[in-house]
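Q: Below is one structure. I have some questions about it.
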Amino acid sequence: MRRVALAILLSILAALPAAALDRNAFTFTSYDLQLTVDPHQHGLAVEGTVQVRNSSKLPQREVVLQLSSSLRWLSILADGAEVEWLEQSYTSDIDHTGLLNEAIVKFDNALAPGASLRLTVRYSGTVTKNATRLERIGTPTNVALRSDWDEISDNFTALRGAGFVVWYPVAMDAANLARGNELFEILRDWRDREQSALLRVHVSRAPLPADEESQFAFVTNASGTSAEKSAINTEFRGVDPVIVLLADSAETTDRPGVAAYYTAAHTSFARDYMAAAEAVIPPLENWFGTPRSKVVLVELTDPNALPYDAGAYYFVPMRSVLRAAAEVALVRPVIHTIVQSPRPWIREGLATFAQALMRERQAGHRAGLAYLGQFRSSLAVAEAQSHSSLPIDEAAGANSAAPAPALGLQPLITTADEMFFRTKAAYVWWMLRDMVGDRVLQSALAKYRAADDRDSAYVQRLIEAELPAKRDLEPFFDDWVYRDRGLPQLRVDSAYVRKTLGEQTVTAVTIENLGDAWCEVPVAVGSKSGENAVRVVVPAKGKTIVRVPFESTPTQAEVNDGSVPEAERRDNVIPVSTAPAVQH
């Protein structure tokens, strides 16, 4: 009978137009799930309830529930009653396998807009390392597995959520990593829809064989976790959970600014990381304010896993690392304990900017610029891709001769791409620092309040209000934050020197901007004995002449010390020539 019903349901669904199935119609308002992990078998078994609400404007007859393709649906009830549902495969890169198992649940009566439904679900399967989604776009397997490290095993158990492993039910349209920015945008829209969701989870470990013993602990990025002997109860606000199982676990929670969870064998490494975190807190407090919580360090026992930050939580393989590198890495979770903002370009951009400040503190101004500069080429490629669907030059990082899909323009206030809201935004904060000075920017950041950030010009007004003389920052914010004008492309068109008094000179330098973004940039003249620089505004598609004094005769002129990202760095330095004689 059930097979007949399923066949009828399948024929009905097949006859429906594709648009009839709205995967974004429902919001998942709450989860209450019981998870059992079995490291010996790579196994995960889940049962519990999910509350969904029709957040569309139309009555809905189906709700979609998606899981990783390595998990299988076992049963689904609606408000305690049996319902008909169909399981099918659905290709999407929101899961590391690149494929989902999708349950389409059919209602006898349409669910009205705003109405809610309680679903009781049961599913199980395995979670092993899998980087299929990255491999099919050309990423080498060993590189891909460093990023997609989620798995359940005796040696390493760690699970992130949708966007990595879909171990709890979700619903969203398919996302393809090969289609420009599609994955990031779909995940952003889904997170916006689910930002108020409450994910309650009880996690336990399957019983060990009678002849085996193991001391272990679960650690998550959730507050309010309560631990039992072999399980935890935890609540995640939002849908970005991380769960780690540590065998032979240890912890340090009594330090004022940092807590750490790690394996006992790596205690000395954990202490080094904690010391590095404590070292960066005081200088960051001077810039950004007082932390609101502790930094929490959690060990990833796979030594090849790439570190992952989730707010104040930093998941990292604990091993020997240079102190300077550890300090720079730990700046990000420290900043997340200080800066709270609904805008990624502020929250994440300031974190990367602060990492550059830390490098500057460690090794000087050029080291800070070099830290930003390591991302410049990738940003230039991303900007070119966002403005064009032409193939990316192979030397710039393409792995295929096929045309690269256009990302679409990426204004900082709306982008979902980390290259923009982390890297480009960090450059924006660095340029603002150069334009207005440390004191003004620090004072403006001290007055920033996330609750007051209700329109895109809020930060601009904060900074302008701190300036001692009235200055309009609109041209900068318009080209770099509110819109995506791409990157400037600067060149020194000419540089002529004239002697003034004694050995002093003035060099007239003509700067041209071939790009579409306004910028304020340093222009320097110098010789082996030193240099002198002044700042100048160069409009998009325009030229500017600036006169730079120097104590002797300079040998070269240079535009941009690396503080302004460019589409292409070429003709930034030319020799200085003697000014031509004035014709009478």
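Residue numbers start at 1 in each chain; chains themselves are named A, B, ... in the order of the structure tokens; ligands are numbered from 1 in the order shown.
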So that I can see what lies close to Tyr262 (chain A), please list as a PyMOL selection string the residues with an atom at most 10 Å from it, counting only C-alpha atoms and leaving out residues fewer than 3 positions away in the same chain.

A: chain A and resi 217+219+245-252+265-267+269-270+297-301+316-318

Q: Show me, as a PyMOL selection string, the residues that have an atom within 10 Å of Glu62 (chain A) when counting only C-alpha atoms, minus same-chain residues fewer than 3 positions from it.

A: chain A and resi 13+20-23+25-26+59+65+85+103-111

Q: Please produce a file of the residues just selected, as a compact mmCIF listing (two decimals), in the first residue's frame, where the atoms kept are all heavy atoms.

A:
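Wrote it out as again.txt, contents follow:
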```
# COMPACT_ATOMS: atom_id res chain seq x y z
N LEU A 13 4.22 14.60 -8.28
CA LEU A 13 5.33 15.56 -8.22
C LEU A 13 6.00 15.72 -9.58
O LEU A 13 6.40 16.82 -9.96
CB LEU A 13 6.36 15.10 -7.19
CG LEU A 13 5.92 15.17 -5.74
CD1 LEU A 13 6.98 14.55 -4.83
CD2 LEU A 13 5.64 16.61 -5.32
N ALA A 20 6.91 24.89 -8.92
CA ALA A 20 5.92 24.64 -7.87
C ALA A 20 6.59 24.24 -6.57
O ALA A 20 6.02 24.41 -5.50
CB ALA A 20 4.95 23.55 -8.32
N LEU A 21 7.81 23.69 -6.63
CA LEU A 21 8.51 23.27 -5.42
C LEU A 21 9.40 24.41 -4.96
O LEU A 21 10.46 24.66 -5.53
CB LEU A 21 9.34 22.01 -5.71
CG LEU A 21 9.97 21.32 -4.50
CD1 LEU A 21 8.90 20.89 -3.50
CD2 LEU A 21 10.79 20.12 -4.96
N ASP A 22 8.95 25.11 -3.92
CA ASP A 22 9.67 26.27 -3.42
C ASP A 22 10.52 25.86 -2.22
O ASP A 22 10.02 25.67 -1.11
CB ASP A 22 8.68 27.37 -3.02
CG ASP A 22 9.36 28.66 -2.60
OD1 ASP A 22 10.61 28.67 -2.52
OD2 ASP A 22 8.66 29.65 -2.34
N ARG A 23 11.83 25.72 -2.44
CA ARG A 23 12.73 25.28 -1.38
C ARG A 23 13.04 26.38 -0.37
O ARG A 23 13.65 26.10 0.66
CB ARG A 23 14.02 24.72 -1.98
CG ARG A 23 13.83 23.42 -2.72
CD ARG A 23 15.11 22.91 -3.36
NE ARG A 23 14.94 21.57 -3.90
CZ ARG A 23 14.45 21.31 -5.10
NH1 ARG A 23 14.08 22.31 -5.90
NH2 ARG A 23 14.32 20.06 -5.52
N ALA A 25 10.52 28.35 0.84
CA ALA A 25 9.23 28.76 1.39
C ALA A 25 9.17 28.65 2.90
O ALA A 25 8.42 29.38 3.55
CB ALA A 25 8.11 27.91 0.77
N PHE A 26 9.97 27.76 3.48
CA PHE A 26 9.86 27.50 4.91
C PHE A 26 11.09 27.98 5.66
O PHE A 26 12.23 27.86 5.18
CB PHE A 26 9.65 26.01 5.17
CG PHE A 26 8.26 25.53 4.87
CD1 PHE A 26 7.91 25.15 3.58
CD2 PHE A 26 7.29 25.50 5.86
CE1 PHE A 26 6.63 24.72 3.29
CE2 PHE A 26 5.99 25.06 5.58
CZ PHE A 26 5.66 24.67 4.29
N PRO A 59 0.05 29.59 0.17
CA PRO A 59 -0.12 28.30 0.84
C PRO A 59 0.84 27.27 0.22
O PRO A 59 1.12 27.31 -0.98
CB PRO A 59 -1.58 27.94 0.56
CG PRO A 59 -2.24 29.24 0.20
CD PRO A 59 -1.19 30.06 -0.48
N LEU A 65 13.08 18.77 2.99
CA LEU A 65 14.08 18.53 4.03
C LEU A 65 15.32 17.95 3.37
O LEU A 65 15.23 16.90 2.71
CB LEU A 65 13.55 17.56 5.09
CG LEU A 65 12.22 17.91 5.78
CD1 LEU A 65 11.82 16.79 6.73
CD2 LEU A 65 12.33 19.22 6.53
N TRP A 85 6.08 10.87 1.94
CA TRP A 85 7.27 11.63 1.56
C TRP A 85 8.09 10.83 0.56
O TRP A 85 8.06 9.60 0.53
CB TRP A 85 8.11 11.98 2.79
CG TRP A 85 8.51 10.84 3.68
CD1 TRP A 85 7.76 10.31 4.68
CD2 TRP A 85 9.72 10.10 3.64
NE1 TRP A 85 8.44 9.27 5.29
CE2 TRP A 85 9.65 9.13 4.67
CE3 TRP A 85 10.88 10.15 2.86
CZ2 TRP A 85 10.67 8.22 4.92
CZ3 TRP A 85 11.90 9.26 3.12
CH2 TRP A 85 11.80 8.31 4.13
N ALA A 103 14.17 14.94 1.14
CA ALA A 103 12.84 14.38 1.40
C ALA A 103 11.81 15.45 1.07
O ALA A 103 11.86 16.55 1.62
CB ALA A 103 12.71 13.94 2.85
N ILE A 104 10.88 15.12 0.17
CA ILE A 104 9.79 16.03 -0.18
C ILE A 104 8.54 15.50 0.51
O ILE A 104 8.04 14.42 0.20
CB ILE A 104 9.59 16.09 -1.70
CG1 ILE A 104 10.89 16.52 -2.38
CG2 ILE A 104 8.46 17.05 -2.05
CD1 ILE A 104 10.84 16.41 -3.89
N VAL A 105 8.07 16.26 1.49
CA VAL A 105 6.94 15.85 2.33
C VAL A 105 5.68 16.51 1.80
O VAL A 105 5.63 17.74 1.64
CB VAL A 105 7.17 16.24 3.80
CG1 VAL A 105 6.01 15.75 4.67
CG2 VAL A 105 8.50 15.66 4.30
N LYS A 106 4.67 15.71 1.53
CA LYS A 106 3.41 16.19 0.94
C LYS A 106 2.34 16.30 2.02
O LYS A 106 2.17 15.39 2.83
CB LYS A 106 2.97 15.21 -0.14
CG LYS A 106 1.64 15.53 -0.76
CD LYS A 106 1.79 16.36 -2.00
CE LYS A 106 0.44 16.51 -2.71
NZ LYS A 106 0.48 17.65 -3.62
N PHE A 107 1.59 17.42 2.04
CA PHE A 107 0.50 17.63 3.00
C PHE A 107 -0.84 17.37 2.33
O PHE A 107 -1.02 17.67 1.14
CB PHE A 107 0.49 19.07 3.52
CG PHE A 107 1.82 19.54 4.05
CD1 PHE A 107 2.27 20.82 3.77
CD2 PHE A 107 2.61 18.71 4.82
CE1 PHE A 107 3.48 21.27 4.24
CE2 PHE A 107 3.83 19.16 5.30
CZ PHE A 107 4.27 20.44 5.01
N ASP A 108 -1.79 16.82 3.10
CA ASP A 108 -3.16 16.69 2.58
C ASP A 108 -3.81 18.05 2.41
O ASP A 108 -4.51 18.30 1.42
CB ASP A 108 -4.00 15.83 3.53
CG ASP A 108 -3.54 14.37 3.53
OD1 ASP A 108 -2.98 13.94 2.50
OD2 ASP A 108 -3.74 13.69 4.56
N ASN A 109 -3.54 18.93 3.38
CA ASN A 109 -4.10 20.29 3.32
C ASN A 109 -2.96 21.29 3.27
O ASN A 109 -1.99 21.18 4.03
CB ASN A 109 -4.97 20.57 4.55
CG ASN A 109 -6.14 19.61 4.65
OD1 ASN A 109 -6.88 19.43 3.67
ND2 ASN A 109 -6.30 18.98 5.80
N ALA A 110 -3.07 22.26 2.40
CA ALA A 110 -2.01 23.26 2.24
C ALA A 110 -1.79 24.02 3.54
O ALA A 110 -2.75 24.33 4.27
CB ALA A 110 -2.36 24.22 1.11
N LEU A 111 -0.55 24.33 3.82
CA LEU A 111 -0.19 25.09 5.02
C LEU A 111 -0.20 26.57 4.67
O LEU A 111 0.49 27.02 3.75
CB LEU A 111 1.19 24.67 5.51
CG LEU A 111 1.52 24.94 6.98
CD1 LEU A 111 0.62 24.09 7.87
CD2 LEU A 111 2.98 24.63 7.26
```

Q: Set the distance at 8 Å and use only C-alpha atoms: which residues neighbour Thr132 (chain A) once local chain neighbours fewer than 5 positions away are removed? I'd like the list as a PyMOL selection string.

A: chain A and resi 96-98

Q: Write out, as an mmCIF file, in the first residue's frame, the residues just selected, with C-alpha atoms.

A:
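For reference, part25.cif as written:
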```cif
data_model
loop_
_atom_site.group_PDB
_atom_site.id
_atom_site.type_symbol
_atom_site.label_atom_id
_atom_site.label_comp_id
_atom_site.auth_asym_id
_atom_site.auth_seq_id
_atom_site.Cartn_x
_atom_site.Cartn_y
_atom_site.Cartn_z
ATOM 1 C CA HIS A 96 31.065 18.327 1.124
ATOM 2 C CA THR A 97 29.849 15.353 -0.944
ATOM 3 C CA GLY A 98 28.324 17.724 -3.503
#
```

Q: CA of Thr157 (chain A) and CA of Ser92 (chain A) are how many Å apart?

A: 23.5 Å

Q: For Trp287 (chain A), list every protein, DNA or RNA residue within 9 Å, evaluated using only C-alpha atoms, and leave out those in the same chain fewer than 3 positions away; present the list as a ChimeraX atom specification.

A: /A:283-284,354,438,441-443,445-446

Q: Dump N, CA and C atoms for the selected residues as a short mmCIF file (atom, residue, chain, number, x, y, z; two decimals), in the first residue's frame?

A:
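Full text of out.cif as output:
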```cif
data_model
loop_
_atom_site.label_atom_id
_atom_site.label_comp_id
_atom_site.auth_asym_id
_atom_site.auth_seq_id
_atom_site.Cartn_x
_atom_site.Cartn_y
_atom_site.Cartn_z
N PRO A 283 47.16 45.15 23.01
CA PRO A 283 47.24 46.12 21.91
C PRO A 283 45.94 46.24 21.12
N LEU A 284 45.18 45.17 21.01
CA LEU A 284 43.90 45.25 20.30
C LEU A 284 42.86 46.02 21.11
N ALA A 354 43.01 44.17 11.56
CA ALA A 354 43.73 44.05 12.83
C ALA A 354 44.90 43.09 12.73
N ASP A 438 45.11 57.49 12.95
CA ASP A 438 44.77 56.48 13.96
C ASP A 438 43.78 57.00 14.98
N LEU A 441 40.14 57.32 13.67
CA LEU A 441 39.52 56.02 13.40
C LEU A 441 39.25 55.26 14.69
N GLN A 442 40.19 55.29 15.62
CA GLN A 442 39.97 54.62 16.90
C GLN A 442 38.78 55.21 17.65
N SER A 443 38.68 56.53 17.63
CA SER A 443 37.57 57.19 18.32
C SER A 443 36.23 56.83 17.69
N LEU A 445 35.54 54.05 15.97
CA LEU A 445 35.25 52.65 16.26
C LEU A 445 34.77 52.47 17.69
N ALA A 446 35.31 53.28 18.61
CA ALA A 446 34.87 53.19 20.01
C ALA A 446 33.40 53.56 20.16
#
```

Q: Could you please determine the separation between CA of Asn155 (chain A) and CA of Ala305 (chain A) in Å, to one decimal place?

A: 12.7 Å

Q: I want to know what sits within 10 Å of Arg376 (chain A), based on only C-alpha atoms, with residues of the same chain fewer than 3 positions away left out; could you give that as a list in words?

A: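 Skipping anything fewer than 3 positions along the chain leaves Ala370, Tyr371, Leu372, Gly373, Leu379, Ala380, Val381, Ala382, Met419, Thr423, Lys424, Tyr427, Gly562, Val564, Pro565, Glu566, Ala567 and Glu568 of chain A.
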
Q: Could you write out the selected residues, including C-alpha atoms, as a compact mmCIF listing (two decimals), in the first residue's frame?

A:
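Okay, again_31.txt is ready:
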```txt
# COMPACT_ATOMS: atom_id res chain seq x y z
CA ALA A 370 53.13 42.96 3.06
CA TYR A 371 50.51 41.07 5.08
CA LEU A 372 47.74 42.79 3.13
CA GLY A 373 49.69 42.45 -0.09
CA LEU A 379 41.42 40.31 -4.93
CA ALA A 380 42.35 41.71 -8.35
CA VAL A 381 41.26 38.45 -10.00
CA ALA A 382 37.98 38.44 -8.04
CA MET A 419 37.45 37.77 -0.71
CA THR A 423 40.26 41.22 2.05
CA LYS A 424 38.86 44.24 0.23
CA TYR A 427 42.16 47.42 2.59
CA GLY A 562 50.97 48.99 -1.40
CA VAL A 564 45.85 50.84 -2.07
CA PRO A 565 44.93 47.63 -3.92
CA GLU A 566 45.25 47.95 -7.69
CA ALA A 567 43.88 46.02 -10.62
CA GLU A 568 47.46 45.78 -11.93
```

Q: In terms of the shortest atom-to-atom distance over only C-alpha atoms, which of A:Leu33, A:Arg569, A:Gly125, A:Met431 is closest to Ser377 (chain A)?

A: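 Result for the nearest residue to Ser377 (chain A): A:Arg569.
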
Q: Give me the residues near Tyr123 (chain A) as a PyMOL selection string, where near means some atom within 12 Å (using only C-alpha atoms) and where sequence neighbours in that chain fewer than 4 positions away do not count.

A: chain A and resi 33-36+43-49+65-76+87+101-103+167-169

Q: Can you list, as a list in words, every residue of region 442-512 of chain A that DSSP puts in helix (DSSP H, G or I)?

A: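 Going through region 442-512 of chain A, the helix (DSSP H, G or I) residues come out as Gln442, Ser443, Ala444, Leu445, Ala446, Ala450, Ala451, Asp452, Tyr458, Val459, Gln460, Arg461, Leu462, Ile463, Glu464, Ala465, Glu466, Glu474, Pro475, Phe476, Phe477, Asp478, Asp479, Trp480, Val481 and Tyr482 of chain A.
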
Q: If we count only C-alpha atoms and set the cut-off at 10 Å, which residues sit around region 134-146 of chain A, ignoring sequence neighbours fewer than 6 positions away in its own chain? Please answer as a PyMOL selection string.

A: chain A and resi 93+96-98+176-178+302-307+398-400

Q: Which residue, A:Val548, A:Ala451, A:Ala197, A:Val481, has the smallest gap to Lys499 (chain A) when you use only C-alpha atoms?

A: A:Val548

Q: Measuring atom to atom with only C-alpha atoms, identify which of A:Thr555, A:Ser147, A:Asn560, A:Gln489 is nearest to Val534 (chain A).

A: A:Asn560

Q: Given the choices A:Lys541, A:Val523, A:Glu418, A:Leu77, which gets closest to Leu183 (chain A) if the distance is worked out from only C-alpha atoms?

A: A:Glu418

Q: Report the closest atom pair, with its distance in Å rounded to one decimal, for each residue of region 413-444 of chain A that has an atom no farther than 9 Å from region 452-466 of chain A; count only C-alpha atoms, sort by chain and then rising residue number, and write it as a tab-separated table.

A:
```
residue	atom	partner	partner_atom	distance
A:Ile413	CA	A:Ser456	CA	6.9
A:Val436	CA	A:Ile463	CA	8.3
A:Arg439	CA	A:Glu466	CA	9.0
A:Val440	CA	A:Glu466	CA	5.6
A:Leu441	CA	A:Ile463	CA	6.5
A:Ser443	CA	A:Glu466	CA	7.0
A:Ala444	CA	A:Ile463	CA	5.2
```

Q: Interatomic distance between CA of Val201 (chain A) and CA of Ala416 (chain A)?

A: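 So the answer is 27.9 Å.
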
Q: Considering only C-alpha atoms, can you say which of A:Met435, A:Arg449, A:Val63, A:Met274 comes closest to Glu84 (chain A)?

A: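 Closest to Glu84 (chain A), using only C-alpha atoms: A:Val63.
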
Q: Using only C-alpha atoms, can you tell me which of A:Ser552, A:Asn181, A:Gln41, A:Thr253 comes closest to Gln504 (chain A)?

A: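 Comparing A:Ser552, A:Asn181, A:Gln41, A:Thr253 against Gln504 (chain A), the winner is A:Ser552.
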